[in-house]
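Below is one structure; the comments refer to it alone.
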Amino acid sequence: QVTLVESGGGLVQAGGSLRLSCAASGRTNVNYAMAWFRQAPGKEREFVADIAWGGSSTYYADSVKGRFTISRDNAKNTVYLQMNSLKPQDTAVYFCAAVLTYNSNSVPVPSQYSYHYWGQGTQVTVSS
């Protein structure tokens, strides 16, 4: 079992930047692929980005490609989401997710159903 806690959300103007963090605790002596998802009011939860355990493989939703960067520091059991050039349509609750993996170089299918552990979410609001 692993517990995920997100931080770093807030209010930012369009064009600005934020960095989200997700700290994992509990059973961290195993390998996890990690991801970020987001959910806007009245919409389905959508995939944003994920990263393999080894950090060498990443995958992004088309809507954030070139603006967001996912990274991880396994020594700190933390995954990050650097968000640049933010747009009002990026406004959502952002969730961190994890799944146990035995492949350090690949990422799961970019779907919420691929991930077993979830954080409580952090609000990101982008004003126009």
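A note on labels: chains of the structure tokens are A, B, ... as shown, every chain counts residues from 1, and ligands are counted from 1 in their shown order.
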
**Asked** Which residues come within 7 Å of region 93-104 of chain A, counting only C-alpha atoms, excluding same-chain residues fewer than 5 positions away, as a list in words?
**Response**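 What passes the distance filter is Leu4, Glu6, Cys22, Asn31, Tyr32, Ala33, Met34, Ala35, Trp36, Phe37, Arg38, Gln39, Ala40, Ala52, Trp53, Gly54, Tyr115, His116, Tyr117, Trp118, Gly119, Gln120, Gly121, Thr122, Gln123 and Val124 of chain A.
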
**Long-range neighbours of Ser128 (chain A) as a list of chain:residue names, 9 Å cut-off, only C-alpha atoms, 6 positions minimum in chain** =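 Counting only the stated atoms, we get A:Gln13, A:Ala14, A:Gly15, A:Lys87, A:Pro88.
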
Filtering to N, CA and C atoms, could you give me those residues as a short mmCIF file (atom, residue, chain, number, x, y, z; two decimals), in the first residue's frame?
data_model
loop_
_atom_site.label_atom_id
_atom_site.label_comp_id
_atom_site.auth_asym_id
_atom_site.auth_seq_id
_atom_site.Cartn_x
_atom_site.Cartn_y
_atom_site.Cartn_z
N GLN A 13 -2.21 33.30 -13.19
CA GLN A 13 -2.72 33.94 -14.39
C GLN A 13 -2.33 33.14 -15.63
N ALA A 14 -3.11 33.29 -16.66
CA ALA A 14 -2.79 32.62 -17.93
C ALA A 14 -1.39 33.02 -18.37
N GLY A 15 -0.65 32.02 -18.85
CA GLY A 15 0.73 32.23 -19.25
C GLY A 15 1.73 31.95 -18.15
N LYS A 87 -3.06 27.72 -19.33
CA LYS A 87 -4.24 28.26 -20.00
C LYS A 87 -5.45 28.09 -19.08
N PRO A 88 -6.47 28.92 -19.25
CA PRO A 88 -7.68 28.74 -18.42
C PRO A 88 -8.26 27.33 -18.52
#

**Asked** Closest to Pro110 (chain A) among A:Arg27, A:Arg45, A:Lys76, A:Arg67, using only C-alpha atoms?
**Response** A:Arg45

**Asked** Which residue gives the smallest distance to Val5 (chain A) among A:Phe68, A:Tyr80, A:Tyr60, A:Tyr113, with only C-alpha atoms counted?
**Response**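 For Val5 (chain A), the nearest of the given residues is A:Tyr80.
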
**Nearest to Leu81 (chain A), chosen from A:Val107, A:Val126, A:Leu20, A:Val48, with only C-alpha atoms counted in the distances** = A:Leu20

**Asked** Nearest to Glu44 (chain A): which of A:Asn105, A:Ser127, A:Ala92, A:Ser85 is it, counting only C-alpha atoms?
**Response** A:Ala92

Write out as a PDB file with N, CA, C and O atoms, in the first residue's frame which residues come within 8 Å of Arg72 (chain A) when counting only C-alpha atoms, dropping same-chain ones fewer than 3 positions away.
ATOM      1  N   ILE A  51       5.108   8.594 -16.131  1.00  0.00           N
ATOM      2  CA  ILE A  51       6.549   8.389 -16.154  1.00  0.00           C
ATOM      3  C   ILE A  51       6.867   7.008 -15.602  1.00  0.00           C
ATOM      4  O   ILE A  51       6.293   6.561 -14.612  1.00  0.00           O
ATOM      5  N   GLY A  55      12.338   6.546 -15.003  1.00  0.00           N
ATOM      6  CA  GLY A  55      12.342   7.927 -15.446  1.00  0.00           C
ATOM      7  C   GLY A  55      12.684   8.123 -16.912  1.00  0.00           C
ATOM      8  O   GLY A  55      12.589   9.247 -17.425  1.00  0.00           O
ATOM      9  N   ASN A  77      11.130   9.778  -3.218  1.00  0.00           N
ATOM     10  CA  ASN A  77       9.793   9.204  -3.422  1.00  0.00           C
ATOM     11  C   ASN A  77       8.802  10.270  -3.865  1.00  0.00           C
ATOM     12  O   ASN A  77       7.670  10.348  -3.366  1.00  0.00           O
ATOM     13  N   THR A  78       9.225  11.095  -4.799  1.00  0.00           N
ATOM     14  CA  THR A  78       8.412  12.231  -5.226  1.00  0.00           C
ATOM     15  C   THR A  78       8.379  12.328  -6.747  1.00  0.00           C
ATOM     16  O   THR A  78       9.393  12.107  -7.408  1.00  0.00           O
ATOM     17  N   VAL A  79       7.218  12.650  -7.271  1.00  0.00           N
ATOM     18  CA  VAL A  79       7.056  12.924  -8.696  1.00  0.00           C
ATOM     19  C   VAL A  79       6.567  14.363  -8.829  1.00  0.00           C
ATOM     20  O   VAL A  79       5.866  14.884  -7.955  1.00  0.00           O
ATOM     21  N   TYR A  80       6.981  15.008  -9.922  1.00  0.00           N
ATOM     22  CA  TYR A  80       6.688  16.420 -10.132  1.00  0.00           C
ATOM     23  C   TYR A  80       5.957  16.616 -11.459  1.00  0.00           C
ATOM     24  O   TYR A  80       6.087  15.818 -12.396  1.00  0.00           O
TER      25      TYR A  80
END
